[in-house]
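Undergrad: target_34.txt is reproduced below (compact mmCIF, C-alpha atoms).
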# COMPACT_ATOMS: atom_id res chain seq x y z
CA MET A 4 -131.97 -10.10 -81.32
CA ASP A 5 -129.39 -12.07 -79.38
CA GLY A 6 -129.02 -9.93 -76.29
CA ARG A 7 -125.74 -8.24 -77.34
CA VAL A 8 -125.23 -4.56 -76.65
CA PRO A 9 -126.23 -2.69 -79.82
CA SER A 10 -123.61 -0.58 -81.52
CA GLU A 11 -123.69 1.99 -84.28
CA SER A 12 -123.49 -0.86 -86.81
CA THR A 13 -126.50 -2.71 -85.37
CA PRO A 14 -129.40 -2.70 -87.88
CA ASP A 15 -132.20 -0.27 -87.09
CA LEU A 16 -135.35 -1.73 -85.64
CA PHE A 17 -137.59 0.16 -88.10
CA THR A 18 -138.00 -0.16 -91.87
CA VAL A 19 -140.17 2.15 -93.97
CA THR A 20 -142.20 0.28 -96.60
CA THR A 21 -144.56 2.79 -98.27
CA GLN A 22 -144.41 6.60 -98.17
CA LEU A 23 -147.61 8.67 -98.33
CA PRO A 24 -147.04 10.94 -101.37
CA GLY A 25 -146.15 14.50 -100.43
CA LYS A 26 -146.51 13.85 -96.69
CA HIS A 27 -144.55 12.46 -93.74
CA GLY A 28 -146.96 9.56 -93.36
CA ARG A 29 -145.73 6.05 -94.13
CA THR A 30 -146.16 2.38 -93.43
CA GLY A 31 -143.37 0.38 -91.93
CA LEU A 32 -142.17 -2.60 -89.94
CA LEU A 33 -141.00 -2.28 -86.34
CA THR A 34 -138.97 -5.28 -85.19
CA THR A 35 -138.74 -6.22 -81.49
CA PRO A 36 -137.47 -9.27 -79.57
CA HIS A 37 -141.07 -10.44 -79.13
CA GLY A 38 -142.33 -9.93 -82.66
CA GLU A 39 -142.93 -7.45 -85.46
CA ILE A 40 -145.33 -4.52 -85.47
CA ARG A 41 -146.72 -3.36 -88.80
CA THR A 42 -147.18 0.39 -88.72
CA PRO A 43 -149.19 2.54 -88.42
CA ALA A 44 -150.44 0.62 -85.39
CA PHE A 45 -152.65 1.34 -82.41
CA ILE A 46 -151.23 0.03 -79.13
CA PRO A 47 -153.89 -0.69 -76.46
CA VAL A 48 -153.04 0.49 -72.97
CA GLY A 49 -152.79 -2.05 -70.18
CA THR A 50 -151.81 0.43 -67.50
CA LYS A 51 -151.27 -2.02 -64.64
CA ALA A 52 -150.22 -4.99 -66.80
CA THR A 53 -153.80 -5.57 -67.93
CA VAL A 54 -156.16 -4.05 -70.45
CA LYS A 55 -159.00 -3.49 -68.01
CA ALA A 56 -161.81 -6.08 -68.12
CA VAL A 57 -160.31 -8.05 -71.03
CA LEU A 58 -158.17 -11.22 -71.08
CA PRO A 59 -154.79 -10.97 -72.85
CA GLU A 60 -155.95 -13.72 -75.20
CA ALA A 61 -158.93 -11.57 -76.20
CA VAL A 62 -156.67 -8.57 -76.79
CA LYS A 63 -154.61 -10.70 -79.17
CA GLU A 64 -157.77 -11.83 -80.98
CA LEU A 65 -158.72 -8.17 -81.45
CA GLY A 66 -155.67 -7.77 -83.66
CA ALA A 67 -153.52 -5.86 -81.17
CA GLN A 68 -149.87 -6.16 -82.11
CA ALA A 69 -148.50 -4.84 -78.80
CA VAL A 70 -149.63 -3.43 -75.47
CA LEU A 71 -148.35 -0.54 -73.35
CA SER A 72 -148.12 -0.48 -69.57
CA ASN A 73 -147.16 2.28 -67.16
CA ALA A 74 -143.88 2.35 -65.26
CA TYR A 75 -145.26 4.54 -62.46
CA HIS A 76 -148.12 2.17 -61.60
CA LEU A 77 -146.03 -0.99 -61.87
CA TYR A 78 -143.25 0.54 -59.78
CA LEU A 79 -145.73 1.23 -56.98
CA GLN A 80 -147.60 -2.07 -57.35
CA PRO A 81 -146.51 -4.86 -57.51
CA GLY A 82 -142.93 -3.51 -57.87
CA SER A 83 -140.65 -3.63 -60.89
CA ASP A 84 -138.36 -6.11 -59.13
CA ILE A 85 -141.21 -8.63 -58.92
CA ILE A 86 -141.95 -8.26 -62.64
CA ASP A 87 -138.25 -8.70 -63.40
CA GLU A 88 -138.21 -11.88 -61.33
CA ALA A 89 -141.28 -13.10 -63.26
CA GLY A 90 -139.40 -12.81 -66.53
CA GLY A 91 -140.53 -9.37 -67.63
CA LEU A 92 -143.80 -7.65 -68.38
CA GLY A 93 -144.95 -9.97 -71.17
CA ALA A 94 -144.36 -13.13 -69.16
CA PHE A 95 -145.91 -11.59 -66.04
CA MET A 96 -149.18 -10.70 -67.78
CA ASN A 97 -149.23 -13.67 -70.18
CA TRP A 98 -148.88 -11.46 -73.25
CA PRO A 99 -146.79 -13.13 -75.99
CA GLY A 100 -146.19 -10.10 -78.21
CA PRO A 101 -144.22 -6.86 -78.05
CA THR A 102 -144.61 -4.55 -75.06
CA PHE A 103 -144.10 -0.83 -74.40
CA THR A 104 -143.71 0.99 -71.09
CA ASP A 105 -143.93 4.75 -70.72
CA SER A 106 -141.51 6.49 -68.40
CA GLY A 107 -143.97 7.28 -65.63
CA GLY A 108 -143.44 11.02 -66.07
CA PHE A 109 -147.07 11.75 -66.90
CA GLN A 110 -148.39 9.94 -63.83
CA VAL A 111 -145.70 11.37 -61.55
CA MET A 112 -146.99 14.83 -62.42
CA SER A 113 -150.70 14.00 -62.34
CA LEU A 114 -151.70 10.94 -60.30
CA GLY A 115 -148.64 11.48 -58.16
CA VAL A 116 -150.09 14.68 -56.79
CA GLY A 117 -153.37 13.16 -55.79
CA PHE A 118 -155.86 13.80 -58.58
CA LYS A 119 -156.90 12.15 -61.80
CA LYS A 120 -155.13 13.02 -65.03
CA VAL A 121 -157.37 15.74 -66.42
CA LEU A 122 -154.89 18.07 -68.05
CA ALA A 123 -155.63 21.56 -69.27
CA MET A 124 -155.42 21.16 -73.05
CA GLU A 125 -156.83 24.53 -74.07
CA ALA A 126 -154.70 27.66 -73.79
CA VAL A 127 -157.24 29.73 -71.89
CA GLY A 128 -157.02 31.76 -68.72
CA VAL A 129 -153.97 33.05 -66.93
CA GLN A 130 -150.79 31.07 -67.40
CA ASN A 131 -149.46 29.67 -64.15
CA ASP A 132 -146.43 27.47 -63.57
CA ASP A 133 -147.82 26.09 -60.31
CA VAL A 134 -150.72 24.15 -61.82
CA ILE A 135 -150.90 21.06 -63.94
CA ALA A 136 -154.67 20.91 -64.38
CA SER A 137 -157.24 23.64 -64.08
CA GLY A 138 -157.66 24.63 -60.45
CA LYS A 139 -155.25 22.03 -59.12
CA GLU A 140 -152.09 22.87 -57.20
CA ARG A 141 -149.02 21.02 -58.42
CA LEU A 142 -147.58 19.22 -55.42
CA ALA A 143 -144.96 17.19 -57.27
CA LYS A 144 -141.67 19.04 -56.91
CA VAL A 145 -139.46 19.28 -59.99
CA ASP A 146 -135.78 20.15 -59.91
CA ASP A 147 -132.96 19.69 -62.38
CA ASP A 148 -132.12 16.28 -60.96
CA GLY A 149 -135.61 14.75 -60.98
CA VAL A 150 -139.09 14.80 -59.43
CA THR A 151 -140.21 14.15 -55.86
CA PHE A 152 -143.85 13.08 -55.59
CA LYS A 153 -146.41 11.35 -53.43
CA SER A 154 -147.96 7.98 -54.22
CA HIS A 155 -151.63 8.21 -55.14
CA LEU A 156 -152.08 4.88 -53.31
CA ASP A 157 -150.88 5.72 -49.81
CA GLY A 158 -149.31 9.18 -49.87
CA SER A 159 -145.78 7.82 -49.43
CA ALA A 160 -142.94 9.93 -50.80
CA HIS A 161 -140.95 8.80 -53.83
CA ARG A 162 -138.41 10.23 -56.21
CA PHE A 163 -137.95 9.62 -59.93
CA THR A 164 -134.80 10.66 -61.76
CA PRO A 165 -133.81 9.74 -65.32
CA GLU A 166 -131.66 6.95 -63.89
CA VAL A 167 -134.46 5.60 -61.68
CA SER A 168 -136.91 5.57 -64.60
CA MET A 169 -134.43 3.62 -66.71
CA GLN A 170 -133.76 1.16 -63.88
CA ILE A 171 -137.50 0.56 -63.40
CA GLN A 172 -138.13 0.09 -67.10
CA HIS A 173 -135.20 -2.27 -67.53
CA GLN A 174 -136.63 -4.38 -64.72
CA LEU A 175 -140.06 -4.28 -66.37
CA GLY A 176 -138.38 -5.63 -69.50
CA ALA A 177 -140.57 -4.04 -72.18
CA ASP A 178 -139.38 -4.15 -75.78
CA ILE A 179 -139.79 -0.39 -76.18
CA ILE A 180 -139.23 2.05 -73.31
CA PHE A 181 -139.33 5.84 -73.03
CA ALA A 182 -136.93 8.42 -71.66
CA PHE A 183 -137.97 10.33 -68.55
CA ASP A 184 -139.31 13.77 -69.48
CA GLU A 185 -141.05 16.65 -67.77
CA LEU A 186 -144.76 17.06 -68.41
CA THR A 187 -145.94 20.62 -68.98
CA THR A 188 -149.37 22.00 -69.89
CA LEU A 189 -150.68 24.87 -71.95
CA LEU A 190 -151.08 26.84 -68.72
CA ASN A 191 -147.31 26.99 -68.24
CA THR A 192 -145.60 30.21 -69.32
CA ARG A 193 -143.35 30.43 -72.36
CA GLY A 194 -140.36 30.86 -70.06
CA TYR A 195 -141.18 27.69 -68.17
CA GLN A 196 -141.64 25.76 -71.42
CA GLU A 197 -138.16 26.85 -72.50
CA ARG A 198 -136.63 25.71 -69.23
CA SER A 199 -138.56 22.45 -69.39
CA VAL A 200 -137.32 21.62 -72.89
CA ALA A 201 -133.75 22.22 -71.72
CA ARG A 202 -134.34 20.07 -68.64
CA THR A 203 -135.88 17.26 -70.69
CA GLN A 204 -132.87 17.38 -73.03
CA ALA A 205 -130.49 17.07 -70.09
CA TRP A 206 -132.54 14.20 -68.69
CA ALA A 207 -132.52 12.52 -72.11
CA ILE A 208 -128.71 12.50 -72.15
CA ARG A 209 -128.73 10.89 -68.70
CA CYS A 210 -131.36 8.35 -69.82
CA VAL A 211 -129.22 7.27 -72.78
CA ALA A 212 -126.16 6.90 -70.56
CA GLU A 213 -128.03 4.85 -67.95
CA HIS A 214 -129.74 2.80 -70.66
CA GLU A 215 -126.36 1.92 -72.13
CA ARG A 216 -124.98 1.00 -68.71
CA LEU A 217 -127.95 -1.22 -67.90
CA THR A 218 -127.94 -2.82 -71.37
CA ALA A 219 -124.32 -3.86 -70.84
CA GLU A 220 -124.99 -4.98 -67.28
CA ARG A 221 -128.03 -7.02 -68.31
CA SER A 222 -126.59 -8.36 -71.57
CA HIS A 223 -128.32 -11.69 -70.99
CA LYS A 224 -131.64 -9.92 -71.52
CA PRO A 225 -133.13 -8.98 -74.94
CA TYR A 226 -132.27 -5.47 -76.09
CA GLN A 227 -134.83 -2.81 -75.16
CA ALA A 228 -135.33 0.02 -77.66
CA LEU A 229 -135.24 3.48 -76.05
CA PHE A 230 -137.41 6.33 -77.35
CA GLY A 231 -136.78 9.98 -76.51
CA VAL A 232 -139.82 12.21 -75.88
CA VAL A 233 -140.32 15.51 -77.69
CA GLN A 234 -141.83 18.32 -75.63
CA GLY A 235 -142.28 22.03 -76.38
CA ALA A 236 -146.04 22.57 -76.11
CA GLN A 237 -147.52 24.62 -78.96
CA TYR A 238 -144.31 26.51 -79.83
CA GLU A 239 -142.80 25.68 -83.21
CA ASP A 240 -139.27 26.76 -82.31
CA LEU A 241 -139.31 24.70 -79.09
CA ARG A 242 -140.72 21.59 -80.77
CA ARG A 243 -138.11 21.79 -83.51
CA GLU A 244 -135.34 22.52 -81.01
CA ALA A 245 -136.43 19.61 -78.84
CA SER A 246 -136.56 17.25 -81.84
CA ARG A 247 -133.11 18.23 -83.09
CA GLY A 248 -131.70 18.02 -79.59
CA LEU A 249 -132.94 14.48 -79.01
CA ALA A 250 -131.79 13.37 -82.45
CA SER A 251 -128.29 14.69 -81.73
CA ILE A 252 -127.76 12.49 -78.66
CA THR A 253 -125.51 9.55 -79.51
CA GLY A 254 -124.23 8.24 -76.18
CA GLU A 255 -121.08 6.17 -75.83
CA THR A 256 -122.17 3.52 -78.34
CA GLY A 257 -123.13 6.03 -81.03
CA ARG A 258 -126.64 4.59 -81.27
CA GLY A 259 -128.56 7.23 -79.33
CA PHE A 260 -132.33 6.92 -79.33
CA ASP A 261 -133.95 4.08 -81.26
CA GLY A 262 -137.11 6.11 -81.86
CA PHE A 263 -139.04 9.09 -80.58
CA GLY A 264 -142.26 9.83 -78.75
CA ILE A 265 -144.24 13.00 -79.37
CA GLY A 266 -146.02 14.09 -76.22
CA GLY A 267 -146.82 17.00 -73.99
CA ALA A 268 -149.32 19.81 -74.18
CA LEU A 269 -150.99 20.59 -77.48
CA GLU A 270 -154.37 21.78 -78.66
CA LYS A 271 -156.38 19.35 -80.77
CA HIS A 272 -156.58 21.66 -83.77
CA ASN A 273 -152.75 21.95 -83.77
CA LEU A 274 -152.07 18.22 -83.55
CA GLY A 275 -151.12 17.68 -87.19
CA THR A 276 -149.05 20.84 -87.38
CA ILE A 277 -147.04 19.92 -84.28
CA VAL A 278 -146.47 16.31 -85.40
CA GLY A 279 -145.33 17.71 -88.74
CA TRP A 280 -142.81 20.05 -87.09
CA CYS A 281 -141.34 17.12 -85.19
CA SER A 282 -141.30 14.85 -88.25
CA ASP A 283 -139.42 17.54 -90.19
CA GLU A 284 -136.57 17.37 -87.68
CA LEU A 285 -136.49 13.72 -86.55
CA PRO A 286 -134.57 11.02 -88.48
CA GLU A 287 -136.78 9.48 -91.15
CA HIS A 288 -135.42 5.98 -90.51
CA LYS A 289 -136.53 5.89 -86.86
CA PRO A 290 -140.09 5.29 -85.63
CA ARG A 291 -142.28 8.01 -84.12
CA HIS A 292 -144.83 7.25 -81.42
CA MET A 293 -147.70 9.63 -80.64
CA LEU A 294 -148.59 9.49 -76.96
CA GLY A 295 -152.25 9.46 -75.99
CA ILE A 296 -154.52 9.70 -79.06
CA SER A 297 -157.28 7.44 -80.40
CA GLU A 298 -160.10 9.55 -81.87
CA PRO A 299 -160.59 8.88 -85.60
CA ASP A 300 -159.81 12.42 -86.77
CA ASP A 301 -156.69 12.55 -84.60
CA LEU A 302 -155.46 9.23 -85.97
CA PHE A 303 -155.75 10.33 -89.58
CA VAL A 304 -154.06 13.68 -89.04
CA ALA A 305 -151.29 12.17 -86.93
CA VAL A 306 -150.56 9.44 -89.48
CA GLU A 307 -150.39 11.77 -92.46
CA ASN A 308 -148.00 14.02 -90.55
CA GLY A 309 -145.63 11.22 -89.63
CA ALA A 310 -146.73 9.29 -86.52
CA ASP A 311 -146.19 5.52 -86.75
CA THR A 312 -147.69 4.15 -83.53
CA PHE A 313 -150.17 5.44 -80.93
CA ASP A 314 -151.45 4.53 -77.51
CA CYS A 315 -154.48 5.73 -75.58
CA VAL A 316 -156.63 4.59 -72.67
CA ASN A 317 -159.74 6.13 -74.19
CA PRO A 318 -161.28 3.16 -76.05
CA SER A 319 -161.36 1.05 -72.88
CA ARG A 320 -162.07 3.93 -70.51
CA VAL A 321 -165.17 5.19 -72.30
CA ALA A 322 -166.35 1.60 -72.86
CA ARG A 323 -166.59 1.13 -69.11
CA ASN A 324 -168.88 4.15 -69.06
CA ALA A 325 -171.19 2.82 -71.79
CA ALA A 326 -169.77 4.93 -74.65
CA ILE A 327 -169.55 2.95 -77.88
CA TYR A 328 -167.74 3.67 -81.15
CA SER A 329 -169.47 3.05 -84.45
CA PRO A 330 -168.92 4.12 -88.08
CA THR A 331 -171.62 6.76 -87.58
CA GLY A 332 -170.16 8.19 -84.38
CA ARG A 333 -169.98 7.56 -80.66
CA PHE A 334 -173.13 6.89 -78.62
CA ASN A 335 -174.13 5.81 -75.13
CA ILE A 336 -175.54 2.30 -75.07
CA ASN A 337 -177.24 2.80 -71.68
CA THR A 338 -179.82 5.27 -72.98
CA SER A 339 -183.46 4.19 -73.20
CA ARG A 340 -183.65 3.99 -76.99
CA PHE A 341 -181.60 0.78 -76.90
CA ARG A 342 -183.83 -1.18 -74.47
CA ARG A 343 -185.50 -3.06 -77.32
CA ASP A 344 -182.81 -2.79 -79.97
CA PHE A 345 -181.94 -6.38 -80.84
CA THR A 346 -179.29 -5.53 -83.43
CA PRO A 347 -175.50 -5.63 -82.97
CA ILE A 348 -173.56 -2.47 -82.20
CA ASP A 349 -172.31 -2.56 -85.81
CA ASP A 350 -173.44 -5.06 -88.45
CA GLU A 351 -170.10 -4.79 -90.23
CA CYS A 352 -167.86 -5.13 -87.17
CA ASP A 353 -166.06 -8.47 -86.87
CA CYS A 354 -165.51 -8.38 -83.09
CA TYR A 355 -166.77 -11.03 -80.68
CA THR A 356 -169.29 -8.66 -79.12
CA CYS A 357 -170.95 -7.69 -82.40
CA ALA A 358 -171.04 -11.34 -83.52
CA ASN A 359 -172.83 -12.56 -80.38
CA TYR A 360 -174.66 -9.77 -78.51
CA THR A 361 -177.30 -7.13 -79.08
CA ARG A 362 -177.55 -3.51 -78.11
CA ALA A 363 -180.50 -4.41 -75.88
CA TYR A 364 -178.39 -6.93 -73.96
CA LEU A 365 -175.53 -4.47 -73.50
CA HIS A 366 -178.05 -1.84 -72.34
CA HIS A 367 -179.35 -4.35 -69.79
CA LEU A 368 -175.87 -5.17 -68.50
CA PHE A 369 -175.09 -1.52 -67.80
CA LYS A 370 -178.44 -0.93 -66.11
CA ALA A 371 -177.91 -4.04 -64.00
CA LYS A 372 -174.34 -2.93 -63.21
CA GLU A 373 -172.94 -6.23 -64.43
CA MET A 374 -169.17 -6.46 -64.96
CA LEU A 375 -169.67 -8.19 -68.30
CA ALA A 376 -170.80 -4.83 -69.72
CA SER A 377 -167.27 -3.45 -69.45
CA THR A 378 -165.75 -6.56 -70.99
CA LEU A 379 -168.00 -6.68 -74.04
CA CYS A 380 -167.88 -2.97 -74.76
CA THR A 381 -164.11 -2.79 -74.30
CA ILE A 382 -163.72 -5.62 -76.81
CA HIS A 383 -165.74 -3.66 -79.34
CA ASN A 384 -164.09 -0.27 -78.81
CA GLU A 385 -160.57 -1.65 -78.93
CA ARG A 386 -161.37 -3.64 -82.07
CA PHE A 387 -162.94 -0.54 -83.68
CA THR A 388 -159.76 1.48 -83.08
CA ILE A 389 -157.31 -1.26 -84.05
CA ARG A 390 -159.28 -2.04 -87.18
CA LEU A 391 -159.41 1.61 -88.20
CA VAL A 392 -155.64 1.99 -87.93
CA ASP A 393 -155.20 -1.29 -89.82
CA GLN A 394 -157.37 0.16 -92.59
CA ILE A 395 -155.28 3.35 -92.58
CA ARG A 396 -152.14 1.25 -93.01
CA GLU A 397 -153.73 -0.71 -95.86
CA SER A 398 -154.92 2.50 -97.52
CA ILE A 399 -151.39 3.95 -97.58
CA ASP A 400 -150.01 0.76 -99.11
CA GLY A 401 -152.92 0.66 -101.55
CA GLY A 402 -152.93 4.33 -102.52
CA TRP A 403 -156.42 5.24 -101.25
CA PHE A 404 -155.63 7.02 -97.97
CA ASP A 405 -157.43 10.26 -98.91
CA ASP A 406 -160.59 8.37 -99.89
CA LEU A 407 -160.60 6.41 -96.63
CA LYS A 408 -160.07 9.57 -94.61
CA LYS A 409 -162.91 11.40 -96.32
CA GLN A 410 -165.34 8.50 -96.06
CA THR A 411 -164.51 7.58 -92.45
CA LEU A 412 -164.63 11.09 -91.04
CA ALA A 413 -167.81 11.97 -92.93
CA GLY A 414 -169.51 8.92 -91.45
CA PHE A 415 -168.19 9.35 -87.90
CA TYR A 416 -168.65 13.10 -87.55
CA GLY A 417 -171.53 13.56 -89.95
CA ASN A 418 -169.92 16.10 -92.26
Mind converting the file's structure to structure tokens?
TA:
Amino acid sequence: MDGRVPSESTPDLFTVTTQLPGKHGRTGLLTTPHGEIRTPAFIPVGTKATVKAVLPEAVKELGAQAVLSNAYHLYLQPGSDIIDEAGGLGAFMNWPGPTFTDSGGFQVMSLGVGFKKVLAMEAVGVQNDDVIASGKERLAKVDDDGVTFKSHLDGSAHRFTPEVSMQIQHQLGADIIFAFDELTTLLNTRGYQERSVARTQAWAIRCVAEHERLTAERSHKPYQALFGVVQGAQYEDLRREASRGLASITGETGRGFDGFGIGGALEKHNLGTIVGWCSDELPEHKPRHMLGISEPDDLFVAVENGADTFDCVNPSRVARNAAIYSPTGRFNINTSRFRRDFTPIDDECDCYTCANYTRAYLHHLFKAKEMLASTLCTIHNERFTIRLVDQIRESIDGGWFDDLKKQTLAGFYGN
């Protein structure tokens, strides 16, 4: 990647290597200016340019191939201009590999209105277009041009448009960036979902145009791949329409989107179906990123239906609250039964924590409220998730995906 503006003749950044027979799932190679990503791959989240409680060097040792940070948070603090001056996100946080940034749309519509991101992900109760989470009034104001919102840090007013999101993400300098989209939930009415898909499509066109302008203007910088985001909630026709619409955008260069994110509101039991709808419509030669999943069953179903990469805060978030992943399920290390348990979290895990520390010690750290508890448990949970997705990738290449799925889910969920 030499910094030139990509054209229609520029090679695609993604190559499919092995196809899962009869399914959309595949392995592949995603090429970025800062290295290759073998897919499927789990991308740890370093929201504010750090995976909480863990050094970047440790994240690399866990096998992470890339990290994802959030445009909203970095725009507010320290400022995307400062990160640009530092040489981009990777240089700023001392991460040598590929980086992703999301558009900030999720946080604009959740944290930006003054409450934590607990979205309504079950289609229950009365549908209401004025809420984003159960019982919470939506204070961020959406119009066809963009979103006006309040900072969760100090209440100051800000405005994101597709152009602003692109400008912020170009300054952040991530290898893969996402188009600005509107977040909806399962509480929104069908009519609102239709309008939102149309709005996100219009914003996507503007994102491509601004991305092309900034790419030409900043031609001395490495090329940043732009992913469009598919919305449409649980509606098949809207998901397919949104996928086809994004795939049809070409821009002035003819390149259009380099890949696609699948996001928005969906119920867990519909995850595979919805990813499959999108994969049916999206170009096979471009990568697909699933936003916000990390549970073992979700990973398997997303992969077999066509998702190539994933990000989620959950492995590190639950680790800071003493929840630990193991082949036999998730458990809380701070419960009394572990006070005198001098075994590792998992005898077969190759992470630093399992090689050096016992369950009893981790239990003690949480009871003593020591910061090291978060570090050691985050190392384990991130390694568990990365390793599982690595095994999924190997199983597709090796032809034993179904066996791995059956064995892993039986052990984790006990059925």
Undergrad: Pick the closest to A:Ile399 from A:Gly108, A:Thr42, A:Ile208, A:Thr18: which is it, counting only C-alpha atoms?
TA: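 Under the stated criterion, the closest residue is A:Thr42.
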Undergrad: Measuring between all atoms listed in the file, which one of A:His173, A:Gln237, A:Arg193, A:Leu379 shows the shortest distance to A:His272?
TA: A:Gln237
Undergrad: Write out as number ranges by chain which residues come within 10 Å of A:Gly176 when counting all atoms listed in the file, dropping same-chain ones fewer than 3 positions away.
TA: A: 83, 86-87, 90-94, 102-104, 170-173, 179-180, 224-227
Undergrad: Using Å and a single decimal, report how far atom CA of A:His292 sits from atom CA of A:Phe334.
TA: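 Result for atom CA of A:Phe334 versus atom CA of A:His292: 28.4 Å, one decimal.
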Undergrad: Once you count only C-alpha atoms, which residues end up no further than 10 Å from (-185.7, 0.9, -70.3) in the file's frame, shown as JSON, numbers by chain?
TA: {"A": [337, 338, 339, 340, 341, 342, 343, 363, 366, 367, 370]}
Undergrad: Save out the residues we just selected, C-alpha atoms, as a short mmCIF file (atom, residue, chain, number, x, y, z; two decimals), keeping the file's coordinate frame.
TA:
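To be explicit, this is the file written out as out_23.cif:
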data_model
loop_
_atom_site.label_atom_id
_atom_site.label_comp_id
_atom_site.auth_asym_id
_atom_site.auth_seq_id
_atom_site.Cartn_x
_atom_site.Cartn_y
_atom_site.Cartn_z
CA ASN A 337 -177.24 2.80 -71.68
CA THR A 338 -179.82 5.27 -72.98
CA SER A 339 -183.46 4.19 -73.20
CA ARG A 340 -183.65 3.99 -76.99
CA PHE A 341 -181.60 0.78 -76.90
CA ARG A 342 -183.83 -1.18 -74.47
CA ARG A 343 -185.50 -3.06 -77.32
CA ALA A 363 -180.50 -4.41 -75.88
CA HIS A 366 -178.05 -1.84 -72.34
CA HIS A 367 -179.35 -4.35 -69.79
CA LYS A 370 -178.44 -0.93 -66.11
#
Undergrad: Counting all atoms listed in the file, write as a count of residues only all protein and nucleic acid residues lying at most 12 Å from (-143.5, 27.0, -83.1) in the file's frame.
TA: 23
Undergrad: Give me, please, the distance in Å between atom CA of A:Leu16 and atom CA of A:His288, quoted to one decimal.
TA: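 Interatomic distance, atom CA of A:Leu16 to atom CA of A:His288: 9.1 Å.
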Undergrad: If you count only C-alpha atoms, which residues fall within 12 Å of A:Asn317, apart from same-chain ones fewer than 4 positions away, as a PyMOL selection string?
TA: chain A and resi 45-50+54-55+294-299+313+321-324+326-328+381+384-385+388
Undergrad: Using Å and a single decimal, report how far atom CA of A:Met169 sits from atom CA of A:Ala228.
TA: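 So the answer is 11.6 Å.
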